[in-house]
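Inspection log for the structure reproduced underneath, given as structure tokens.
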Amino acid sequence: MRSLAELKQEAADLNLQIRRLLLGKNSFNEGIADKLTVIATISTLREQLVKIQREIRIRFPGEE
């Protein structure tokens, strides 16, 4: 099992990846296929983030 610190670090890493994708991919020069790929990647990262946050809430109540 992962510790609270490990789970929080993983969540922070996912948030950083999402933020970088959102901030770095707002160019009008990209094609629609590139934008769809970014959207799909962000969606996948957010799903992973939700799972980690849920695990933190269940395993470590009150320590968020």
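Letters A, B, ... mark the chains of the structure tokens in the order given; residue numbers begin at 1 per chain; ligand numbers begin at 1, in order shown.
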
Please provide the set of residues having any atom within 12 Å of Glu10 in chain A, restricted to only C-alpha atoms, with same-chain residues fewer than 6 positions apart removed, written as a list of chain:residue names. A:Arg2, A:Ser3, A:Leu4, A:Leu16, A:Gln17, A:Leu45, A:Gln48, A:Leu49, A:Val50, A:Lys51, A:Ile52, A:Gln53, A:Glu55, A:Ile56

Selected residue, from A:Leu14, A:Gly24, A:Gly31, A:Lys8, that lies nearest to Glu47 in chain A when counting only C-alpha atoms: A:Leu14

Find the distance between CA of Thr44 in chain A and CA of Glu6 in chain A and write it in Å to one decimal. 19.8 Å

So which residues of chain A fall under alpha helix (DSSP H) by DSSP, listed as a PyMOL selection string? chain A and resi 4-24+32-59
